[in-house]
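Enquirer: Dropping in target12.cif, which is mmCIF, C-alpha atoms:
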data_start
loop_
_atom_site.group_PDB
_atom_site.id
_atom_site.type_symbol
_atom_site.label_atom_id
_atom_site.label_comp_id
_atom_site.auth_asym_id
_atom_site.auth_seq_id
_atom_site.Cartn_x
_atom_site.Cartn_y
_atom_site.Cartn_z
ATOM 1 C CA ARG N 30 140.694 72.881 83.351
ATOM 2 C CA THR N 31 136.933 72.460 83.719
ATOM 3 C CA ARG N 32 137.115 68.957 82.308
ATOM 4 C CA PHE N 33 139.639 67.895 84.931
ATOM 5 C CA GLN N 34 138.231 69.826 87.890
ATOM 6 C CA LEU N 35 137.538 66.583 89.762
ATOM 7 C CA LEU N 36 141.138 65.517 89.265
ATOM 8 C CA SER N 37 142.337 68.908 90.468
ATOM 9 C CA ASP N 38 140.242 68.542 93.621
ATOM 10 C CA LEU N 39 141.496 65.003 94.144
ATOM 11 C CA LEU N 40 145.130 66.059 93.829
ATOM 12 C CA LYS N 41 144.588 68.667 96.534
ATOM 13 C CA LEU N 42 143.304 65.943 98.844
ATOM 14 C CA ASP N 43 146.266 63.704 97.965
ATOM 15 C CA GLY N 44 148.653 66.356 99.210
ATOM 16 C CA PRO N 45 152.195 67.350 98.253
ATOM 17 C CA ASP N 46 153.626 63.819 98.256
ATOM 18 C CA MET N 47 151.610 62.720 95.210
ATOM 19 C CA THR N 48 153.785 62.125 92.122
ATOM 20 C CA PHE N 49 153.026 61.718 88.429
ATOM 21 C CA ASP N 50 153.941 58.030 88.270
ATOM 22 C CA ARG N 51 151.461 57.156 91.060
ATOM 23 C CA LEU N 52 148.580 58.429 88.905
ATOM 24 C CA PHE N 53 149.175 55.664 86.349
ATOM 25 C CA ASN N 54 150.096 52.020 86.132
ATOM 26 C CA LEU N 55 153.424 52.195 84.295
ATOM 27 C CA GLY N 56 154.459 48.754 83.100
ATOM 28 C CA SER N 57 158.043 48.543 81.882
ATOM 29 C CA ILE N 58 158.597 47.161 78.380
ATOM 30 C CA PRO N 59 161.812 46.889 76.308
ATOM 31 C CA ASN N 60 163.752 49.865 74.927
ATOM 32 C CA ASP N 61 163.168 52.175 77.893
ATOM 33 C CA LYS N 62 159.422 52.371 77.276
ATOM 34 C CA VAL N 63 156.384 51.837 79.462
ATOM 35 C CA ASP N 64 152.852 50.659 78.854
ATOM 36 C CA MET N 65 150.679 53.277 80.553
ATOM 37 C CA ASN N 66 147.436 52.015 82.086
ATOM 38 C CA ASN N 67 144.788 53.395 84.397
ATOM 39 C CA ALA N 68 145.415 53.670 88.126
ATOM 40 C CA GLY N 69 143.096 55.232 90.644
ATOM 41 C CA ALA N 70 139.797 57.083 90.432
ATOM 42 C CA ILE N 71 140.770 59.494 87.638
ATOM 43 C CA SER N 72 143.430 58.376 85.207
ATOM 44 C CA THR N 73 143.642 57.159 81.590
ATOM 45 C CA ASP N 74 140.206 55.508 81.584
ATOM 46 C CA PHE N 75 137.766 57.709 79.658
ATOM 47 C CA ILE N 76 134.879 56.587 81.866
ATOM 48 C CA GLY N 77 131.539 56.501 80.047
ATOM 49 C CA GLY N 78 133.071 57.315 76.661
ATOM 50 C CA SER N 79 132.814 53.812 75.207
ATOM 51 C CA TRP N 80 129.213 52.796 75.821
ATOM 52 C CA LEU N 81 128.116 53.137 72.184
ATOM 53 C CA TRP N 82 131.241 51.564 70.684
ATOM 54 C CA PRO N 83 130.179 47.865 70.477
ATOM 55 C CA ASN N 84 127.163 48.488 68.239
ATOM 56 C CA ALA N 85 128.547 51.475 66.332
ATOM 57 C CA THR N 86 129.472 51.405 62.656
ATOM 58 C CA LEU N 87 133.043 52.090 61.549
ATOM 59 C CA LYS N 88 131.995 55.632 60.608
ATOM 60 C CA GLU N 89 130.330 56.192 63.965
ATOM 61 C CA ARG N 90 133.435 54.992 65.773
ATOM 62 C CA VAL N 91 135.676 57.685 64.283
ATOM 63 C CA PRO N 92 134.470 60.507 66.590
ATOM 64 C CA MET N 93 134.563 58.082 69.542
ATOM 65 C CA PHE N 94 138.205 57.302 68.782
ATOM 66 C CA ASP N 95 138.948 61.024 68.498
ATOM 67 C CA ALA N 96 137.219 61.680 71.837
ATOM 68 C CA HIS N 97 139.382 59.067 73.582
ATOM 69 C CA LYS N 98 142.525 60.554 72.053
ATOM 70 C CA GLU N 99 141.446 64.075 73.037
ATOM 71 C CA TYR N 100 140.755 62.957 76.615
ATOM 72 C CA THR N 101 144.203 61.361 76.920
ATOM 73 C CA GLN N 102 145.957 64.361 75.397
ATOM 74 C CA GLY N 103 144.038 66.692 77.676
ATOM 75 C CA LEU N 104 144.845 64.628 80.755
ATOM 76 C CA LEU N 105 148.573 64.636 80.059
ATOM 77 C CA TRP N 106 148.609 68.327 79.174
ATOM 78 C CA PHE N 107 146.675 69.210 82.335
ATOM 79 C CA LEU N 108 149.096 67.295 84.556
ATOM 80 C CA GLY N 109 152.097 68.866 82.854
ATOM 81 C CA HIS N 110 150.969 72.489 82.592
ATOM 82 C CA ASP N 111 148.004 73.493 84.751
ATOM 83 C CA SER N 112 148.827 75.870 87.598
ATOM 84 C CA THR N 113 146.574 73.997 90.033
ATOM 85 C CA VAL N 114 148.819 70.933 89.717
ATOM 86 C CA SER N 115 151.821 70.712 92.026
ATOM 87 C CA GLY N 116 155.272 71.409 90.661
ATOM 88 C CA LYS N 117 156.335 67.872 91.554
ATOM 89 C CA ILE N 118 153.643 66.340 89.344
ATOM 90 C CA ARG N 119 154.225 68.840 86.527
ATOM 91 C CA LYS N 120 157.927 68.059 86.578
ATOM 92 C CA GLY N 121 157.195 64.327 86.465
ATOM 93 C CA ALA N 122 154.816 64.770 83.542
ATOM 94 C CA SER N 123 157.431 66.751 81.592
ATOM 95 C CA GLU N 124 159.793 63.758 81.719
ATOM 96 C CA TRP N 125 157.466 61.592 79.613
ATOM 97 C CA GLY N 126 156.338 61.734 76.011
ATOM 98 C CA LEU N 127 155.032 59.655 73.123
ATOM 99 C CA CYS N 128 157.462 57.106 71.675
ATOM 100 C CA ALA N 129 159.471 58.865 68.968
ATOM 101 C CA ASP N 130 159.951 55.677 66.920
ATOM 102 C CA GLU N 131 156.305 54.538 66.891
ATOM 103 C CA TRP N 132 153.679 55.709 64.345
ATOM 104 C CA PRO N 133 155.658 58.844 63.320
ATOM 105 C CA GLU N 134 153.306 59.295 60.349
ATOM 106 C CA ASN N 135 150.338 59.512 62.777
ATOM 107 C CA GLY N 136 151.753 61.971 65.278
ATOM 108 C CA HIS N 137 153.097 58.999 67.297
ATOM 109 C CA TRP N 138 149.584 57.924 68.276
ATOM 110 C CA PRO N 139 148.407 54.361 67.564
ATOM 111 C CA TYR N 140 145.752 53.813 64.925
ATOM 112 C CA GLU N 141 143.573 51.665 67.179
ATOM 113 C CA VAL N 142 141.893 52.287 70.521
ATOM 114 C CA TYR N 143 142.228 49.541 73.125
ATOM 115 C CA VAL N 144 138.861 47.772 73.344
ATOM 116 C CA ARG N 145 138.716 45.885 76.617
ATOM 117 C CA GLU N 146 135.290 44.376 76.021
ATOM 118 C CA GLY N 147 132.688 44.473 73.249
ATOM 119 C CA ARG N 148 129.868 42.331 71.927
ATOM 120 C CA ARG N 149 129.955 38.695 73.021
ATOM 121 C CA MET N 150 128.329 35.577 71.683
ATOM 122 C CA VAL N 151 125.598 33.770 73.631
ATOM 123 C CA GLY N 152 125.919 30.013 73.108
ATOM 124 C CA ASP N 153 123.954 27.111 74.513
ATOM 125 C CA LYS N 154 126.222 27.455 77.555
ATOM 126 C CA VAL N 155 127.666 30.687 78.958
ATOM 127 C CA PHE N 156 130.967 31.015 80.851
ATOM 128 C CA THR N 157 130.247 32.932 84.070
ATOM 129 C CA GLN N 158 131.937 33.851 87.335
ATOM 130 C CA HIS N 159 130.978 30.413 88.649
ATOM 131 C CA SER N 160 132.573 28.685 85.639
ATOM 132 C CA ALA N 161 135.933 30.163 86.635
ATOM 133 C CA THR N 162 135.621 29.666 90.381
ATOM 134 C CA ASP N 163 133.788 26.338 90.658
ATOM 135 C CA LYS N 164 136.048 23.841 92.406
ATOM 136 C CA GLN N 165 134.926 21.139 89.953
ATOM 137 C CA PRO N 166 137.252 21.358 86.904
ATOM 138 C CA MET N 167 135.968 21.126 83.336
ATOM 139 C CA GLY N 168 137.627 17.717 82.943
ATOM 140 C CA SER N 169 136.853 16.169 79.550
ATOM 141 C CA GLU N 170 135.564 19.523 78.228
ATOM 142 C CA SER N 171 138.735 21.538 78.893
ATOM 143 C CA ILE N 172 140.740 22.964 75.990
ATOM 144 C CA GLY N 173 143.172 25.070 78.006
ATOM 145 C CA VAL N 174 143.931 26.857 81.252
ATOM 146 C CA GLY N 175 143.367 30.516 82.113
ATOM 147 C CA THR N 176 145.519 32.311 84.668
ATOM 148 C CA TYR N 177 144.156 35.854 84.938
ATOM 149 C CA HIS N 178 141.910 37.377 87.571
ATOM 150 C CA PHE N 179 138.548 39.069 87.123
ATOM 151 C CA ASP N 180 139.545 42.453 85.713
ATOM 152 C CA SER N 181 137.094 45.068 84.478
ATOM 153 C CA HIS N 182 137.424 48.831 84.775
ATOM 154 C CA ASN N 183 134.832 51.394 85.817
ATOM 155 C CA ALA N 184 131.850 51.750 83.516
ATOM 156 C CA GLN N 185 130.353 55.021 84.700
ATOM 157 C CA ARG N 186 130.908 58.013 86.972
ATOM 158 C CA ILE N 187 127.799 59.066 88.862
ATOM 159 C CA PRO N 188 127.234 62.536 90.371
ATOM 160 C CA CYS N 189 125.460 62.113 93.694
ATOM 161 C CA LYS N 190 123.683 64.196 96.251
ATOM 162 C CA PRO N 191 124.138 62.951 99.817
ATOM 163 C CA GLY N 192 121.473 60.482 100.870
ATOM 164 C CA THR N 193 120.684 59.287 97.346
ATOM 165 C CA PHE N 194 123.174 56.477 96.698
ATOM 166 C CA HIS N 195 122.399 53.045 98.080
ATOM 167 C CA CYS N 196 125.878 52.151 99.358
ATOM 168 C CA GLU N 197 127.149 55.470 100.679
ATOM 169 C CA PRO N 198 128.233 55.755 104.314
ATOM 170 C CA THR N 199 126.050 57.432 106.904
ATOM 171 C CA HIS N 200 126.696 61.177 106.988
ATOM 172 C CA THR N 201 127.113 63.039 110.268
ATOM 173 C CA ASP N 202 127.593 66.408 108.576
ATOM 174 C CA PRO N 203 124.185 68.171 108.425
ATOM 175 C CA SER N 204 125.126 69.682 105.052
ATOM 176 C CA PRO N 205 127.389 67.107 103.376
ATOM 177 C CA THR N 206 129.021 67.999 100.078
ATOM 178 C CA PRO N 207 127.842 66.451 96.774
ATOM 179 C CA TYR N 208 130.229 63.814 95.473
ATOM 180 C CA THR N 209 130.853 61.381 92.610
ATOM 181 C CA VAL N 210 131.034 57.604 92.535
ATOM 182 C CA ASN N 211 132.923 55.476 90.025
ATOM 183 C CA GLU N 212 130.929 52.301 89.380
ATOM 184 C CA GLY N 213 131.917 49.005 87.793
ATOM 185 C CA ASP N 214 135.534 48.373 88.756
ATOM 186 C CA LEU N 215 136.215 44.683 89.307
ATOM 187 C CA GLU N 216 139.606 43.408 90.470
ATOM 188 C CA VAL N 217 139.235 39.997 92.117
ATOM 189 C CA GLY N 218 141.971 37.381 92.256
ATOM 190 C CA ILE N 219 141.083 33.780 91.434
ATOM 191 C CA PRO N 220 143.064 30.533 91.031
ATOM 192 C CA CYS N 221 143.913 29.124 87.621
ATOM 193 C CA PHE N 222 140.831 27.768 85.865
ATOM 194 C CA GLU N 223 139.997 25.425 82.999
ATOM 195 C CA ILE N 224 138.408 26.728 79.795
ATOM 196 C CA PRO N 225 135.711 24.527 78.237
ATOM 197 C CA TYR N 226 135.306 23.816 74.524
ATOM 198 C CA TRP N 227 131.745 25.133 74.581
ATOM 199 C CA VAL N 228 132.858 28.761 75.076
ATOM 200 C CA LEU N 229 133.723 28.646 71.346
ATOM 201 C CA LEU N 230 130.339 27.396 70.219
ATOM 202 C CA PRO N 231 127.281 29.317 69.006
ATOM 203 C CA LYS N 232 123.877 27.880 69.706
ATOM 204 C CA ALA N 233 123.540 24.658 67.717
ATOM 205 C CA ALA N 234 120.108 25.691 66.460
ATOM 206 C CA GLU N 235 121.572 28.871 64.957
ATOM 207 C CA ILE N 236 124.865 27.786 63.330
ATOM 208 C CA ASN N 237 126.996 24.654 63.494
ATOM 209 C CA ASN N 238 130.114 25.414 61.431
ATOM 210 C CA LEU N 239 131.660 28.235 63.438
ATOM 211 C CA LEU N 240 134.207 28.495 66.269
ATOM 212 C CA VAL N 241 134.542 31.854 68.073
ATOM 213 C CA PRO N 242 137.785 32.227 70.091
ATOM 214 C CA ILE N 243 137.548 35.988 70.820
ATOM 215 C CA ALA N 244 133.920 37.033 71.372
ATOM 216 C CA MET N 245 133.377 33.889 73.413
ATOM 217 C CA SER N 246 130.116 32.799 74.997
ATOM 218 C CA ALA N 247 130.660 34.493 78.351
ATOM 219 C CA SER N 248 128.969 36.839 80.798
ATOM 220 C CA HIS N 249 130.461 40.238 81.585
ATOM 221 C CA VAL N 250 132.221 38.889 84.695
ATOM 222 C CA GLY N 251 133.190 35.607 83.052
ATOM 223 C CA PHE N 252 134.723 37.475 80.116
ATOM 224 C CA ALA N 253 136.694 39.627 82.564
ATOM 225 C CA CYS N 254 139.127 36.729 83.126
ATOM 226 C CA LEU N 255 139.080 35.402 79.537
ATOM 227 C CA ARG N 256 139.840 38.634 77.662
ATOM 228 C CA LEU N 257 143.618 38.533 77.966
ATOM 229 C CA GLU N 258 145.946 38.017 74.994
ATOM 230 C CA PRO N 259 147.700 34.957 76.528
ATOM 231 C CA THR N 260 144.278 33.361 77.054
ATOM 232 C CA TRP N 261 143.260 34.209 73.497
ATOM 233 C CA MET N 262 146.459 32.567 72.260
ATOM 234 C CA THR N 263 145.585 29.445 74.237
ATOM 235 C CA VAL N 264 142.006 29.389 72.993
ATOM 236 C CA GLY N 265 143.101 30.291 69.454
ATOM 237 C CA HIS N 266 145.485 27.346 69.432
ATOM 238 C CA SER N 267 142.723 25.006 70.560
ATOM 239 C CA SER N 268 140.291 26.498 68.031
ATOM 240 C CA GLY N 269 142.689 25.908 65.182
ATOM 241 C CA THR N 270 143.251 22.318 66.246
ATOM 242 C CA ALA N 271 139.493 21.765 66.582
ATOM 243 C CA ALA N 272 138.878 23.210 63.120
ATOM 244 C CA ALA N 273 141.488 20.910 61.592
ATOM 245 C CA LEU N 274 139.973 17.880 63.332
ATOM 246 C CA LEU N 275 136.504 18.845 62.096
ATOM 247 C CA VAL N 276 137.812 18.940 58.517
ATOM 248 C CA GLN N 277 139.406 15.521 58.979
ATOM 249 C CA ALA N 278 136.234 14.128 60.526
ATOM 250 C CA ALA N 279 134.130 15.485 57.653
ATOM 251 C CA LYS N 280 136.387 13.844 55.067
ATOM 252 C CA LYS N 281 136.166 10.537 56.897
ATOM 253 C CA ALA N 282 132.385 10.753 57.283
ATOM 254 C CA GLY N 283 131.811 12.035 53.776
ATOM 255 C CA LYS N 284 129.687 14.886 55.107
ATOM 256 C CA PRO N 285 130.111 17.987 57.294
ATOM 257 C CA VAL N 286 130.524 17.408 61.018
ATOM 258 C CA PRO N 287 128.983 20.131 63.218
ATOM 259 C CA ALA N 288 131.346 21.947 65.548
ATOM 260 C CA GLN N 289 129.097 20.888 68.409
ATOM 261 C CA GLY N 290 129.649 17.230 67.443
ATOM 262 C CA LEU N 291 133.444 17.104 67.611
ATOM 263 C CA SER N 292 134.830 14.272 69.729
ATOM 264 C CA LEU N 293 136.335 15.972 72.764
ATOM 265 C CA SER N 294 138.472 12.950 73.607
ATOM 266 C CA VAL N 295 140.072 13.201 70.163
ATOM 267 C CA LEU N 296 140.508 16.961 70.563
ATOM 268 C CA GLN N 297 142.093 16.650 73.990
ATOM 269 C CA ALA N 298 144.437 13.897 72.796
ATOM 270 C CA GLU N 299 145.643 16.061 69.916
ATOM 271 C CA LEU N 300 146.018 19.138 72.134
ATOM 272 C CA ALA N 301 148.041 17.101 74.635
ATOM 273 C CA ARG N 302 150.273 15.931 71.793
ATOM 274 C CA GLU N 303 150.771 19.606 70.901
ATOM 275 C CA HIS N 304 151.751 20.323 74.550
ATOM 276 C CA GLN N 305 148.675 22.352 75.343
ATOM 277 C CA ILE N 306 148.077 22.525 79.105
ATOM 278 C CA LEU N 307 144.529 21.279 79.681
ATOM 279 C CA HIS N 308 144.112 20.922 83.424
ATOM 280 C CA THR N 309 144.908 22.920 86.534
ATOM 281 C CA LYS N 310 145.994 19.745 88.344
ATOM 282 C CA GLY N 311 147.880 16.649 87.328
#
Please express what this file holds, its structure, as C-alpha cells.

Expert:
Amino acid sequence: RTRFQLLSDLLKLDGPDMTFDRLFNLGSIPNDKVDMNNAGAISTDFIGGSWLWPNATLKERVPMFDAHKEYTQGLLWFLGHDSTVSGKIRKGASEWGLCADEWPENGHWPYEVYVREGRRMVGDKVFTQHSATDKQPMGSESIGVGTYHFDSHNAQRIPCKPGTFHCEPTHTDPSPTPYTVNEGDLEVGIPCFEIPYWVLLPKAAEINNLLVPIAMSASHVGFACLRLEPTWMTVGHSSGTAAALLVQAAKKAGKPVPAQGLSLSVLQAELAREHQILHTKG
C-alpha cells in the first residue's frame, strides 16, 4: 500500500464515480482483448524506472525488467484488493486478467518490456520539432510521410514543497500541503509531415555505409513523432530501397558509393514506383 499511497490519495479526490477503466487507456484489439496503456497521473507508466535502461548491459537490464513487471503487478493487485480502493474500482479490476493464450510458459507475461525511446544517432542533420512542424516540406529529400503527433510520457515525478517549483500556482493557504509534480508529458497534435532521407544517415566523417531506420538522427521531441511502428515501416521500406540502390550504384561505378552520396531523385523515383507516399500534398 505504501508504494501506491499517492494513487490512493488521488482516488479519494476523484470520488465515487471513478471506475477502473478510466485509470487506463484500453485499446480494443481482436479476440476480446485490449492493449492497456497509461492514462492519467498514476497508471501503468513506471515513472523514473527506465532512466538507466538505454546505456545498460543486457545483464543490467534484467532487474530493470523485473522492477517494471513488479510495478505493474503491484498496481493491478492494489486496485483489485486494497481496502482503500472503492468497491466499484475493485470490481472492475476483478473483471480483467492476463491473456490466457499468450506466453503461458512465462506466466502469461511478455518477454520484452516496451521501450518507448532509447539511444538515438546524431547525424550531420538532426530531425527536431521544427522539422515536423515547418510549413516548408522536405521536397526532394522526402522518403515518406509521418502521421503521428508528438507523444512522450512523463519522465520523472518530483516531490515538492510549496513555493519551490517554478511553475506552481500562487498559494493563498498560509500552510499549503506538499505535493508532487509529474514532469515530461508531451501530447501535441501536428499535421502530417515529410520524413527526410538524412534522418537515416550517420555523420559522413564517422561512417558512410550505414542506414539507421530505428534509432534515427532526431532530438527527443522530434523522435516523439517518429517512434511509431507505422512510421518505422515506412522508413524501413525506404531504407531497404535505398540500400538496394546503393548496391546497384556501386556495381555500376565499380566502387562503393557512400550512403550520403545516393541520388535522391533516383531514390524518390523508385519509391514512387513502389507506391510509397512521399509528400503531404499533391

Enquirer: Could you tell me, as a PDB file with C-alpha atoms, in the coordinates of the input, exactly which residues end up selected when the PyMOL selection byres ((chain N and resi 291) around 12) is applied to this structure?

Expert:
ATOM      1  CA  GLU N 170     135.564  19.523  78.228  1.00  0.00           C
ATOM      2  CA  TYR N 226     135.306  23.816  74.524  1.00  0.00           C
ATOM      3  CA  TRP N 227     131.745  25.133  74.581  1.00  0.00           C
ATOM      4  CA  LEU N 230     130.339  27.396  70.219  1.00  0.00           C
ATOM      5  CA  ASN N 237     126.996  24.654  63.494  1.00  0.00           C
ATOM      6  CA  ASN N 238     130.114  25.414  61.431  1.00  0.00           C
ATOM      7  CA  LEU N 240     134.207  28.495  66.269  1.00  0.00           C
ATOM      8  CA  SER N 268     140.291  26.498  68.031  1.00  0.00           C
ATOM      9  CA  THR N 270     143.251  22.318  66.246  1.00  0.00           C
ATOM     10  CA  ALA N 271     139.493  21.765  66.582  1.00  0.00           C
ATOM     11  CA  ALA N 272     138.878  23.210  63.120  1.00  0.00           C
ATOM     12  CA  ALA N 273     141.488  20.910  61.592  1.00  0.00           C
ATOM     13  CA  LEU N 274     139.973  17.880  63.332  1.00  0.00           C
ATOM     14  CA  LEU N 275     136.504  18.845  62.096  1.00  0.00           C
ATOM     15  CA  VAL N 276     137.812  18.940  58.517  1.00  0.00           C
ATOM     16  CA  GLN N 277     139.406  15.521  58.979  1.00  0.00           C
ATOM     17  CA  ALA N 278     136.234  14.128  60.526  1.00  0.00           C
ATOM     18  CA  ALA N 279     134.130  15.485  57.653  1.00  0.00           C
ATOM     19  CA  PRO N 285     130.111  17.987  57.294  1.00  0.00           C
ATOM     20  CA  VAL N 286     130.524  17.408  61.018  1.00  0.00           C
ATOM     21  CA  PRO N 287     128.983  20.131  63.218  1.00  0.00           C
ATOM     22  CA  ALA N 288     131.346  21.947  65.548  1.00  0.00           C
ATOM     23  CA  GLN N 289     129.097  20.888  68.409  1.00  0.00           C
ATOM     24  CA  GLY N 290     129.649  17.230  67.443  1.00  0.00           C
ATOM     25  CA  SER N 292     134.830  14.272  69.729  1.00  0.00           C
ATOM     26  CA  LEU N 293     136.335  15.972  72.764  1.00  0.00           C
ATOM     27  CA  SER N 294     138.472  12.950  73.607  1.00  0.00           C
ATOM     28  CA  VAL N 295     140.072  13.201  70.163  1.00  0.00           C
ATOM     29  CA  LEU N 296     140.508  16.961  70.563  1.00  0.00           C
ATOM     30  CA  GLN N 297     142.093  16.650  73.990  1.00  0.00           C
TER      31      GLN N 297
END

Enquirer: Give me, as JSON, numbers by chain, all polymer residues having an atom no more than 10 Å from range 215-218 of chain N, counting only C-alpha atoms and skipping those fewer than 2 positions away in the same chain.

Expert: {"N": [176, 177, 178, 179, 180, 181, 182, 183, 212, 213, 220, 221, 250, 253, 254]}

Enquirer: Starting from the displayed file, determine the output of the PyMOL selection byres ((chain N and resi 64-71) around 7) and express the residue list as a ChimeraX atom specification.

Expert: /N:36,52-58,62-63,72-74

Enquirer: At most 12 Å is the cut-off: for each residue in range 55-147 of chain N with any atom that close to an atom of range 256-261 of chain N, write down the nearest atom pair and the distance in Å rounded to one decimal, counting only C-alpha atoms, chain first then increasing number, as JSON lines.

Expert:
{"residue": "N:Val144", "atom": "CA", "partner": "N:Arg256", "partner_atom": "CA", "distance": 10.2}
{"residue": "N:Arg145", "atom": "CA", "partner": "N:Arg256", "partner_atom": "CA", "distance": 7.4}
{"residue": "N:Glu146", "atom": "CA", "partner": "N:Arg256", "partner_atom": "CA", "distance": 7.5}
{"residue": "N:Gly147", "atom": "CA", "partner": "N:Arg256", "partner_atom": "CA", "distance": 10.2}

Enquirer: When the PyMOL selection byres ((chain N and resi 152) around 12) is applied to the structure above, which residues does it catch, written out as a list in words?

Expert: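 Checked against the file, the PyMOL selection byres ((chain N and resi 152) around 12) matches Arg149, Met150, Val151, Asp153, Lys154, Val155, Phe156, Tyr226, Trp227, Val228, Leu229, Leu230, Pro231, Lys232, Ala233, Ala234, Glu235, Ile236, Asn237, Leu239, Leu240, Val241, Ala244, Met245, Ser246, Ala247, Ser248 and Gln289 of chain N.
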
Enquirer: Could you tell me how far CA of Val142 in chain N lies from CA of Leu81 in chain N, in Å and to one decimal?

Expert: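 Straight-line distance from CA of Val142 in chain N to CA of Leu81 in chain N works out to 13.9 Å.
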